[in-house]
Structures are given as C-alpha cells and as structure tokens.
file query-v4.cif (mmCIF, C-alpha atoms)
data_upload
loop_
_atom_site.label_atom_id
_atom_site.label_comp_id
_atom_site.auth_asym_id
_atom_site.auth_seq_id
_atom_site.Cartn_x
_atom_site.Cartn_y
_atom_site.Cartn_z
CA TRP B 101 100.73 87.60 84.28
CA LYS B 102 98.32 87.25 81.38
CA ALA B 103 100.44 89.68 79.34
CA LEU B 104 103.60 87.67 79.99
CA LEU B 105 101.88 84.39 79.16
CA ASN B 106 100.44 85.82 75.96
CA ASN B 107 103.88 87.09 74.99
CA ALA B 108 105.45 83.67 75.59
CA ASN B 109 102.72 81.97 73.57
CA ALA B 110 103.05 84.44 70.70
CA GLY B 111 106.28 82.77 69.66
CA GLY B 112 108.76 84.24 67.26
CA GLU B 113 111.27 86.80 68.42
CA ASN B 114 109.62 87.59 71.75
CA VAL B 115 112.64 87.91 74.04
CA HIS B 116 113.02 91.68 73.70
CA ARG B 117 109.27 92.16 74.06
CA GLY B 118 109.27 89.93 77.15
CA SER B 119 112.09 91.93 78.68
CA CYS B 120 110.21 95.19 78.16
CA LEU B 121 106.96 93.71 79.44
CA GLY B 122 108.69 92.31 82.51
CA ALA B 123 110.31 95.65 83.29
CA VAL B 124 107.09 97.63 82.87
CA LEU B 125 104.91 95.17 84.77
CA GLY B 126 107.53 94.77 87.49
CA ALA B 127 107.80 98.53 87.90
CA ARG B 128 104.04 98.76 88.14
CA VAL B 129 103.51 96.12 90.83
CA GLY B 130 106.86 96.33 92.63
CA ILE B 131 108.25 93.51 94.74
CA GLU B 132 105.11 93.62 96.88
CA GLY B 133 103.05 92.68 93.84
CA LEU B 134 104.88 89.38 93.63
CA SER B 135 103.59 88.20 96.99
CA GLU B 136 101.08 85.88 95.29
CA THR B 137 103.85 84.21 93.27
CA PRO B 138 106.95 84.14 95.49
CA GLU B 139 108.49 81.41 93.34
CA LEU B 140 109.18 84.03 90.66
CA VAL B 141 111.73 85.64 92.98
CA ALA B 142 112.78 82.64 95.07
CA GLY B 143 113.55 80.62 91.94
CA LEU B 144 115.93 83.16 90.43
CA HIS B 145 119.49 82.02 90.01
CA ASP B 146 121.78 84.36 92.02
CA ARG B 147 118.77 86.26 93.35
CA GLU B 148 120.81 87.88 96.13
CA ALA B 149 123.32 89.30 93.65
CA LEU B 150 120.47 90.46 91.40
CA SER B 151 118.71 92.10 94.33
CA LYS B 152 121.86 93.98 95.27
CA GLU B 153 122.40 95.12 91.68
CA ILE B 154 118.80 96.32 91.40
CA ASP B 155 119.05 98.22 94.70
CA GLU B 156 122.28 99.90 93.54
CA PHE B 157 120.70 100.84 90.21
CA VAL B 158 117.62 102.32 91.88
CA ALA B 159 119.81 104.27 94.33
CA ALA B 160 121.86 105.68 91.44
CA VAL B 161 118.80 106.67 89.42
CA MET B 162 116.89 108.14 92.35
CA LYS B 163 119.68 110.43 93.57
CA GLU B 164 118.39 113.88 94.29
#

call {"tool": "encode", "arguments": {"input": "query-v4.cif", "output": "structure tokens"}}
result
Amino acid sequence: WKALLNNANAGGENVHRGSCLGAVLGARVGIEGLSETPELVAGLHDREALSKEIDEFVAAVMKE
C-alpha cells in the first residue's frame, strides 16, 4: 500500500504508473491479500461484473 500511496502523492502523470503498480501488486498478493482492506474490493463500482471479467480473462490466459 505504501507504493500506491507514494505513487498517488508523486503527482504529475501517475495514472499509467498507478495502473501498472496496481496490477503487479495485485498479482503478488492476490484477492486473499486484500483481506485486511476489504473496502478496496467492496467499494468498487460494478464489482460483480469486474470479478466476472477478471475470472474470464484468467481462464483464457491459463488455458493449457
């Protein structure tokens, strides 16, 4: 979370950097890693649709 906060506080054009940081950190900790901050998931607009899209993407990428 410190990396995301530092990115937000850096200012400037930080949206692309934040997207990359979020993807990398999210991949590292997984959904289980968000158990300490459930509001990050619960507060997402259309979280059910996003969850479905993520699951479909992972299934497509992980095909053997």

call {"tool": "residues_around", "arguments": {"input": "query-v4.cif", "residues": "range 107-110 of chain B", "least_positions_apart": "5", "cutoff": "12 Å", "atoms": "all atoms listed in the file", "output": "MDAnalysis selection string"}}
result
chainID B and resid 101:102 115:122

call {"tool": "atom_distance", "arguments": {"input": "query-v4.cif", "atom1": "CA of Ile154 in chain B", "atom2": "CA of Val141 in chain B"}}
result
12.9 Å

call {"tool": "closest_residue", "arguments": {"input": "query-v4.cif", "among": "B:Leu150, B:Gly143, B:Val158, B:Asn106", "to": "Ala127 in chain B", "atoms": "only C-alpha atoms"}}
result
B:Val158

call {"tool": "axis_aligned_box", "arguments": {"input": "query-v4.cif", "around": "range 109-119 of chain B", "padding_each_side": "5 Å", "output": "lines of an AutoDock Vina configuration file"}}
result
center_x = 107.9
center_y = 87.1
center_z = 73.0
size_x = 20.3
size_y = 20.2
size_z = 21.4

call {"tool": "atom_distance", "arguments": {"input": "query-v4.cif", "atom1": "CA of Gly112 in chain B", "atom2": "CA of Leu134 in chain B"}}
result
27.1 Å

call {"tool": "atom_distance", "arguments": {"input": "query-v4.cif", "atom1": "CA of Pro138 in chain B", "atom2": "CA of Glu153 in chain B"}}
result
19.3 Å
